[in-house]
$ cat input-v6.cif   # mmCIF, C-alpha atoms
data_input
loop_
_atom_site.label_atom_id
_atom_site.label_comp_id
_atom_site.auth_asym_id
_atom_site.auth_seq_id
_atom_site.Cartn_x
_atom_site.Cartn_y
_atom_site.Cartn_z
CA MET T 1 -171.22 45.37 -3.86
CA SER T 2 -174.10 47.64 -2.92
CA THR T 3 -175.98 49.39 -5.72
CA PHE T 4 -176.00 52.59 -3.61
CA ARG T 5 -172.71 53.86 -2.23
CA PHE T 6 -171.36 56.81 -0.29
CA VAL T 7 -167.84 58.06 -0.96
CA ARG T 8 -165.73 60.76 0.72
CA GLY T 9 -165.21 63.72 -1.59
CA SER T 10 -166.01 64.09 -5.28
CA VAL T 11 -167.43 61.03 -7.07
CA SER T 12 -165.28 59.35 -9.75
CA PRO T 13 -167.67 57.49 -12.09
CA THR T 14 -164.89 55.39 -13.59
CA ASP T 15 -164.52 53.67 -10.20
CA HIS T 16 -168.07 52.34 -10.53
CA LEU T 17 -168.59 51.61 -14.23
CA GLY T 18 -167.61 47.97 -13.77
CA SER T 19 -171.00 47.37 -12.11
CA LEU T 20 -172.74 48.34 -15.36
CA ARG T 21 -170.63 46.58 -18.01
CA ASP T 22 -172.63 43.88 -19.77
CA GLN T 23 -172.26 42.65 -23.35
CA ALA T 24 -176.06 42.28 -23.53
CA CYS T 25 -176.41 46.04 -23.01
CA GLY T 26 -176.41 48.46 -25.93
CA GLY T 27 -177.06 51.59 -23.90
CA TYR T 28 -175.56 53.38 -20.91
CA VAL T 29 -177.08 56.57 -19.49
CA SER T 30 -175.65 58.58 -16.62
CA PHE T 31 -176.51 61.65 -14.58
CA GLU T 32 -173.83 63.75 -12.91
CA GLY T 33 -174.76 66.31 -10.25
CA TRP T 34 -172.10 69.04 -9.93
CA VAL T 35 -171.54 71.62 -7.20
CA ARG T 36 -172.66 74.95 -8.65
CA ASN T 37 -171.62 78.42 -7.60
CA HIS T 38 -175.08 79.79 -6.80
CA ASN T 39 -178.32 78.77 -5.13
CA ASP T 40 -181.46 80.72 -4.31
CA GLY T 41 -179.79 84.08 -4.91
CA HIS T 42 -176.68 83.27 -2.87
CA GLN T 43 -173.14 82.95 -4.22
CA VAL T 44 -171.94 79.53 -3.08
CA GLN T 45 -168.26 79.00 -2.24
CA ARG T 46 -168.30 75.33 -1.17
CA LEU T 47 -170.58 72.59 0.16
CA GLU T 48 -170.65 69.98 2.89
CA TYR T 49 -172.71 66.79 2.64
CA GLU T 50 -173.68 64.68 5.62
CA ALA T 51 -175.77 61.49 5.64
CA TYR T 52 -177.39 59.00 7.95
CA GLU T 53 -175.41 56.32 6.18
CA ASN T 54 -176.99 53.10 7.48
CA LEU T 55 -180.50 54.15 6.51
CA GLY T 56 -179.26 56.02 3.44
CA VAL T 57 -177.75 52.91 1.88
CA LYS T 58 -180.91 50.90 2.60
CA GLU T 59 -183.21 53.55 1.10
CA GLY T 60 -180.89 54.07 -1.87
CA GLU T 61 -180.85 50.31 -2.59
CA ARG T 62 -184.66 50.28 -2.40
CA ILE T 63 -184.79 53.02 -5.05
CA ILE T 64 -182.44 51.07 -7.34
CA ASP T 65 -184.55 47.92 -6.84
CA GLU T 66 -187.68 49.90 -7.76
CA ALA T 67 -185.99 51.16 -10.94
CA LEU T 68 -184.99 47.60 -11.88
CA GLU T 69 -188.64 46.54 -11.45
CA ARG T 70 -190.24 49.47 -13.27
CA PHE T 71 -187.91 49.81 -16.25
CA GLN T 72 -186.44 47.31 -18.70
CA ILE T 73 -182.89 47.86 -17.50
CA GLU T 74 -180.12 45.45 -16.57
CA HIS T 75 -177.95 47.34 -14.07
CA ALA T 76 -178.10 50.56 -12.05
CA VAL T 77 -175.81 52.20 -9.51
CA CYS T 78 -175.92 55.48 -7.59
CA VAL T 79 -172.97 57.03 -5.75
CA HIS T 80 -173.27 60.11 -3.50
CA ALA T 81 -170.43 62.23 -2.13
CA LEU T 82 -170.02 63.07 1.57
CA GLY T 83 -167.87 65.65 3.31
CA ASP T 84 -166.38 68.83 1.87
CA LEU T 85 -166.85 69.54 -1.83
CA ALA T 86 -165.54 72.38 -3.98
CA LEU T 87 -167.26 74.10 -6.91
CA GLY T 88 -167.38 71.77 -9.90
CA ASP T 89 -166.96 68.60 -7.83
CA MET T 90 -169.31 65.72 -8.54
CA ALA T 91 -171.85 65.41 -5.72
CA VAL T 92 -173.85 62.52 -7.15
CA TRP T 93 -173.68 60.12 -10.05
CA VAL T 94 -176.28 57.69 -11.41
CA GLY T 95 -175.38 55.07 -14.02
CA VAL T 96 -177.82 52.75 -15.79
CA SER T 97 -177.23 50.15 -18.50
CA SER T 98 -179.89 48.42 -20.56
CA HIS T 99 -180.49 46.51 -23.78
CA HIS T 100 -182.10 49.60 -25.34
CA ARG T 101 -181.75 53.32 -24.51
CA ASP T 102 -185.32 54.37 -23.70
CA ALA T 103 -185.49 52.38 -20.49
CA ALA T 104 -182.10 53.64 -19.34
CA PHE T 105 -183.10 57.30 -19.77
CA GLY T 106 -186.30 56.75 -17.80
CA ALA T 107 -184.65 54.79 -15.01
CA CYS T 108 -181.83 57.32 -14.62
CA ARG T 109 -184.35 60.15 -14.18
CA TYR T 110 -186.40 58.08 -11.73
CA ILE T 111 -183.38 57.25 -9.58
CA ILE T 112 -182.00 60.78 -9.24
CA ASP T 113 -185.46 62.23 -8.48
CA GLU T 114 -186.19 59.65 -5.78
CA VAL T 115 -182.71 59.90 -4.24
CA LYS T 116 -183.10 63.66 -3.84
CA HIS T 117 -186.46 63.25 -2.09
CA ARG T 118 -185.96 60.15 0.04
CA VAL T 119 -182.37 59.41 1.00
CA PRO T 120 -181.33 61.01 4.34
CA ILE T 121 -178.59 63.30 3.03
CA TRP T 122 -178.15 66.93 4.05
CA LYS T 123 -176.33 69.73 2.26
CA LYS T 124 -174.75 72.72 3.97
CA GLU T 125 -173.90 75.62 1.70
CA HIS T 126 -171.09 78.02 2.54
CA TYR T 127 -171.57 81.38 0.85
CA THR T 128 -169.04 83.92 -0.38
CA ASP T 129 -170.38 86.46 2.17
CA GLY T 130 -169.25 84.16 5.01
CA ASP T 131 -172.75 82.97 5.88
CA SER T 132 -173.78 79.30 5.69
CA GLY T 133 -176.92 77.23 5.99
CA TRP T 134 -178.49 73.78 5.69
CA VAL T 135 -180.58 73.56 2.52
CA ASN T 136 -184.34 72.96 3.04
CA CYS T 137 -184.04 73.91 6.72
CA GLU T 138 -186.83 76.30 7.74
CA ALA T 139 -184.99 77.69 10.74
CA CYS T 140 -181.93 78.35 8.57
CA ALA T 141 -183.96 80.18 5.93
CA SER T 142 -185.84 82.51 8.24
CA ALA T 143 -186.06 83.54 11.87
CA ALA T 144 -187.29 80.43 13.64
CA THR T 145 -190.60 80.34 15.40
CA ARG T 146 -190.70 77.17 17.45
CA SER T 147 -193.37 74.66 16.55
CA PRO T 148 -193.63 70.87 16.67
CA PRO T 149 -193.04 68.97 13.44
CA ALA T 150 -196.22 68.81 11.38
CA SER T 151 -196.37 65.03 11.62
CA VAL T 152 -196.49 65.22 15.42
CA SER T 153 -199.44 67.53 15.39
CA GLY T 154 -201.32 65.20 13.05
CA GLY T 155 -200.24 66.55 9.67
CA MET M 1 -187.38 53.09 32.43
CA LYS M 2 -185.63 52.17 29.21
CA THR M 3 -182.43 53.37 27.66
CA ILE M 4 -182.76 54.92 24.19
CA ARG M 5 -179.90 56.04 21.97
CA ILE M 6 -180.51 59.08 19.78
CA GLU M 7 -178.26 60.10 16.89
CA TYR M 8 -178.32 63.64 15.52
CA PHE M 9 -177.47 64.79 12.01
CA ALA M 10 -177.04 68.09 10.18
CA ALA M 11 -178.98 71.01 11.70
CA LEU M 12 -180.02 68.94 14.75
CA ARG M 13 -176.44 67.84 15.38
CA GLU M 14 -175.25 71.43 15.23
CA HIS M 15 -178.11 72.70 17.40
CA THR M 16 -177.63 70.12 20.16
CA GLY M 17 -173.85 70.01 19.86
CA LEU M 18 -174.19 66.22 19.99
CA SER M 19 -173.71 63.44 17.43
CA SER M 20 -175.52 61.07 19.77
CA GLU M 21 -176.74 60.65 23.32
CA GLU M 22 -178.28 57.93 25.48
CA ILE M 23 -181.13 58.75 27.80
CA ALA M 24 -183.19 56.86 30.37
CA THR M 25 -186.83 57.59 29.65
CA ASP M 26 -190.40 56.54 30.34
CA ALA M 27 -191.50 57.67 26.86
CA GLN M 28 -193.73 55.03 25.30
CA THR M 29 -193.71 56.32 21.74
CA VAL M 30 -191.41 58.23 19.39
CA ASP M 31 -193.49 61.40 19.65
CA GLN M 32 -193.35 61.27 23.47
CA LEU M 33 -189.58 60.91 23.21
CA TYR M 34 -189.41 63.89 20.83
CA ALA M 35 -191.43 66.02 23.25
CA GLU M 36 -189.14 65.06 26.14
CA LEU M 37 -185.99 65.86 24.15
CA ASP M 38 -187.51 69.09 22.83
CA GLY M 39 -187.90 70.15 26.46
CA ARG M 40 -184.16 69.69 26.98
CA HIS M 41 -182.79 70.95 23.68
CA GLU M 42 -185.48 73.33 22.37
CA PHE M 43 -185.17 72.00 18.84
CA PRO M 44 -185.40 74.63 16.08
CA ALA M 45 -188.25 74.57 13.55
CA LEU M 46 -186.76 72.59 10.69
CA GLY M 47 -189.88 71.75 8.69
CA GLN M 48 -191.54 68.36 8.66
CA LEU M 49 -189.34 65.81 10.40
CA LYS M 50 -189.35 62.08 9.68
CA VAL M 51 -188.17 59.51 12.17
CA ALA M 52 -186.16 56.30 12.01
CA VAL M 53 -186.08 53.55 14.62
CA ASN M 54 -183.24 51.02 14.45
CA ASP M 55 -182.15 52.17 10.98
CA GLU M 56 -185.60 51.95 9.35
CA PHE M 57 -188.16 54.69 8.74
CA GLY M 58 -190.72 54.60 11.54
CA ASP M 59 -193.90 56.23 12.69
CA TRP M 60 -194.35 58.95 15.32
CA GLN M 61 -196.64 56.53 17.17
CA SER M 62 -194.10 53.68 17.05
CA GLY M 63 -193.54 52.06 20.44
CA LEU M 64 -190.07 52.19 21.98
CA ALA M 65 -188.12 49.28 23.47
CA ASP M 66 -185.03 49.27 25.67
CA GLY M 67 -181.92 49.75 23.55
CA ASP M 68 -183.66 51.26 20.52
CA LEU M 69 -181.80 53.71 18.28
CA VAL M 70 -183.90 56.73 17.25
CA VAL M 71 -183.01 59.34 14.61
CA PHE M 72 -185.06 62.44 13.82
CA ILE M 73 -184.67 63.26 10.13
CA PRO M 74 -184.87 66.92 9.03
CA PRO M 75 -185.95 67.66 5.42
CA VAL M 76 -183.33 66.07 3.18
CA ALA M 77 -181.27 67.78 0.46
CA GLY M 78 -179.23 65.19 -1.43
CA GLY M 79 -178.10 65.60 -5.03
#

$ encode --input "input-v6.cif" --output "structure tokens"
Amino acid sequence: MSTFRFVRGSVSPTDHLGSLRDQACGGYVSFEGWVRNHNDGHQVQRLEYEAYENLGVKEGERIIDEALERFQIEHAVCVHALGDLALGDMAVWVGVSSHHRDAAFGACRYIIDEVKHRVPIWKKEHYTDGDSGWVNCEACASAATRSPPASVSGG
Amino acid sequence: MKTIRIEYFAALREHTGLSSEEIATDAQTVDQLYAELDGRHEFPALGQLKVAVNDEFGDWQSGLADGDLVVFIPPVAGG
């Protein structure tokens, strides 16, 4: 089974712990990302996640492979939610098992940081005032002035 | 002329009203394709876009072949 998985709705870590069980491992570290009720001064009511799944799984697996290379860990899995999520739901979960705890803490942090930066997943926030917007989207954050993407113009 | 399939996600999907489209084009590179599509759809300013060709990250100067799948990737926000 893939080490990076998408699921519909809130993540249930217990569904995925089997990938980490190993009698050689004395430590298990996890990170849970929860849907919170505020962001950037807005009161959030609910979220939607959307992903480019084919590339997302490939990039997510690359991140897990990097963690297995860089840290003395035995197993690592990341699961990300898609679709509609309510406040308190689990949007993302990372689990790492290792012989000793230090490596598992480091790998868990590495995986969640890289996933947030690299995996093609988008989050739409729905606010209590009825407004909504895609997070990290310039045109959503302010009145759009049309310009080509920076990488096209040589950036 | 070659046929290119484009898939749209998130803000681009909502802006174009399309999950995907196929177009016949003479564009030689990904950035030429973007310019052609921008002329049709007037894409909003989303920040720095990345691009994928056939389900792998690509380059704006990547050449295009008949039947390629292209995805423009707005700034991501997982987690």

$ resolve_selection --input "input-v6.cif" --expression "the PyMOL selection byres ((chain M and resi 24) around 10)" --output "PyMOL selection string"
chain M and resi 1-5+22-23+25-27+66-67

$ atom_distance --input "input-v6.cif" --atom1 "CA of Ile73 in chain M" --atom2 "CA of Leu49 in chain M"
5.3 Å

$ atom_distance --input "input-v6.cif" --atom1 "CA of Leu55 in chain T" --atom2 "CA of Phe57 in chain M"
8.0 Å

$ closest_residue --input "input-v6.cif" --among "T:Asn136, T:Ser2, T:Asn39, T:Thr128" --to "chain M" --atoms "all atoms listed in the file"
T:Asn136

$ atom_distance --input "input-v6.cif" --atom1 "CA of Gln43 in chain T" --atom2 "CA of Ser132 in chain T"
10.6 Å

$ closest_residue --input "input-v6.cif" --among "T:Ala86, T:Ile64, T:Ala76, T:Val35" --to "chain M" --atoms "only C-alpha atoms"
T:Val35

$ resolve_selection --input "input-v6.cif" --expression "the PyMOL selection byres ((chain M) within 10 of (chain T))" --output "JSON, numbers by chain"
{"M": [7, 8, 9, 10, 11, 30, 31, 32, 34, 35, 38, 42, 43, 44, 45, 46, 47, 48, 49, 50, 51, 52, 53, 54, 55, 56, 57, 59, 60, 61, 71, 73, 74, 75, 76, 77, 78, 79]}

$ closest_residue --input "input-v6.cif" --among "T:Leu17, T:Cys78, T:Ile73, T:Val11" --to "Gly60 in chain T" --atoms "all atoms listed in the file"
T:Cys78

$ residues_around --input "input-v6.cif" --residues "Arg46 in chain T" --least-positions-apart "5" --cutoff "7 Å" --atoms "all atoms listed in the file" --output "MDAnalysis selection string"
chainID T and resid 85:87 125:126

$ resolve_selection --input "input-v6.cif" --expression "the PyMOL selection byres ((chain T and resi 68) around 12)" --output "PyMOL selection string"
chain T and resi 3+61-67+69-77+96-98+103-104+106-108+110-111

$ closest_residue --input "input-v6.cif" --among "T:His100, T:Gly88, T:Val44, T:Ser30" --to "Tyr127 in chain T" --atoms "all atoms listed in the file"
T:Val44

$ decode --input "input-v6.cif" --residues "range 19-35 of chain T" --atoms "N, CA, C and O atoms" --output "PDB file, in the first residue's frame"
ATOM      1  N   SER T  19       0.503  -0.031   9.151  1.00  0.00           N
ATOM      2  CA  SER T  19       1.694   0.181   8.323  1.00  0.00           C
ATOM      3  C   SER T  19       2.924   0.516   9.153  1.00  0.00           C
ATOM      4  O   SER T  19       4.039   0.501   8.638  1.00  0.00           O
ATOM      5  N   LEU T  20       2.713   0.845  10.435  1.00  0.00           N
ATOM      6  CA  LEU T  20       3.834   1.296  11.273  1.00  0.00           C
ATOM      7  C   LEU T  20       4.259   0.264  12.311  1.00  0.00           C
ATOM      8  O   LEU T  20       5.356   0.344  12.863  1.00  0.00           O
ATOM      9  N   ARG T  21       3.379  -0.709  12.577  1.00  0.00           N
ATOM     10  CA  ARG T  21       3.650  -1.698  13.637  1.00  0.00           C
ATOM     11  C   ARG T  21       4.884  -2.517  13.285  1.00  0.00           C
ATOM     12  O   ARG T  21       5.008  -3.028  12.174  1.00  0.00           O
ATOM     13  N   ASP T  22       5.787  -2.623  14.255  1.00  0.00           N
ATOM     14  CA  ASP T  22       7.042  -3.342  14.023  1.00  0.00           C
ATOM     15  C   ASP T  22       7.652  -3.605  15.398  1.00  0.00           C
ATOM     16  O   ASP T  22       7.879  -2.668  16.170  1.00  0.00           O
ATOM     17  N   GLN T  23       7.909  -4.876  15.713  1.00  0.00           N
ATOM     18  CA  GLN T  23       8.425  -5.196  17.046  1.00  0.00           C
ATOM     19  C   GLN T  23       9.853  -4.712  17.259  1.00  0.00           C
ATOM     20  O   GLN T  23      10.353  -4.690  18.377  1.00  0.00           O
ATOM     21  N   ALA T  24      10.512  -4.269  16.160  1.00  0.00           N
ATOM     22  CA  ALA T  24      11.853  -3.692  16.301  1.00  0.00           C
ATOM     23  C   ALA T  24      11.787  -2.226  16.702  1.00  0.00           C
ATOM     24  O   ALA T  24      12.809  -1.622  17.030  1.00  0.00           O
ATOM     25  N   CYS T  25      10.568  -1.652  16.643  1.00  0.00           N
ATOM     26  CA  CYS T  25      10.421  -0.214  16.895  1.00  0.00           C
ATOM     27  C   CYS T  25       9.993   0.064  18.333  1.00  0.00           C
ATOM     28  O   CYS T  25       9.013  -0.499  18.813  1.00  0.00           O
ATOM     29  N   GLY T  26      10.714   0.980  18.981  1.00  0.00           N
ATOM     30  CA  GLY T  26      10.379   1.354  20.355  1.00  0.00           C
ATOM     31  C   GLY T  26       9.695   2.696  20.422  1.00  0.00           C
ATOM     32  O   GLY T  26       9.300   3.164  21.488  1.00  0.00           O
ATOM     33  N   GLY T  27       9.567   3.365  19.271  1.00  0.00           N
ATOM     34  CA  GLY T  27       8.965   4.701  19.292  1.00  0.00           C
ATOM     35  C   GLY T  27       8.024   4.916  18.130  1.00  0.00           C
ATOM     36  O   GLY T  27       8.249   4.430  17.019  1.00  0.00           O
ATOM     37  N   TYR T  28       6.919   5.625  18.418  1.00  0.00           N
ATOM     38  CA  TYR T  28       5.967   6.027  17.379  1.00  0.00           C
ATOM     39  C   TYR T  28       5.629   7.481  17.648  1.00  0.00           C
ATOM     40  O   TYR T  28       5.264   7.853  18.765  1.00  0.00           O
ATOM     41  N   VAL T  29       5.794   8.316  16.610  1.00  0.00           N
ATOM     42  CA  VAL T  29       5.465   9.738  16.717  1.00  0.00           C
ATOM     43  C   VAL T  29       4.448  10.063  15.644  1.00  0.00           C
ATOM     44  O   VAL T  29       4.569   9.583  14.506  1.00  0.00           O
ATOM     45  N   SER T  30       3.444  10.872  15.980  1.00  0.00           N
ATOM     46  CA  SER T  30       2.468  11.267  14.969  1.00  0.00           C
ATOM     47  C   SER T  30       2.218  12.764  15.020  1.00  0.00           C
ATOM     48  O   SER T  30       2.448  13.420  16.039  1.00  0.00           O
ATOM     49  N   PHE T  31       1.748  13.292  13.894  1.00  0.00           N
ATOM     50  CA  PHE T  31       1.255  14.663  13.833  1.00  0.00           C
ATOM     51  C   PHE T  31      -0.160  14.616  13.300  1.00  0.00           C
ATOM     52  O   PHE T  31      -0.427  13.937  12.298  1.00  0.00           O
ATOM     53  N   GLU T  32      -1.065  15.325  13.965  1.00  0.00           N
ATOM     54  CA  GLU T  32      -2.439  15.449  13.488  1.00  0.00           C
ATOM     55  C   GLU T  32      -2.709  16.910  13.173  1.00  0.00           C
ATOM     56  O   GLU T  32      -2.505  17.779  14.030  1.00  0.00           O
ATOM     57  N   GLY T  33      -3.156  17.204  11.956  1.00  0.00           N
ATOM     58  CA  GLY T  33      -3.582  18.560  11.610  1.00  0.00           C
ATOM     59  C   GLY T  33      -5.097  18.627  11.679  1.00  0.00           C
ATOM     60  O   GLY T  33      -5.783  17.861  11.013  1.00  0.00           O
ATOM     61  N   TRP T  34      -5.627  19.554  12.496  1.00  0.00           N
ATOM     62  CA  TRP T  34      -7.076  19.666  12.708  1.00  0.00           C
ATOM     63  C   TRP T  34      -7.612  20.929  12.047  1.00  0.00           C
ATOM     64  O   TRP T  34      -6.925  21.946  11.965  1.00  0.00           O
ATOM     65  N   VAL T  35      -8.862  20.879  11.660  1.00  0.00           N
ATOM     66  CA  VAL T  35      -9.517  22.065  11.086  1.00  0.00           C
ATOM     67  C   VAL T  35      -9.832  23.033  12.224  1.00  0.00           C
ATOM     68  O   VAL T  35     -10.582  22.693  13.141  1.00  0.00           O
TER      69      VAL T  35
END
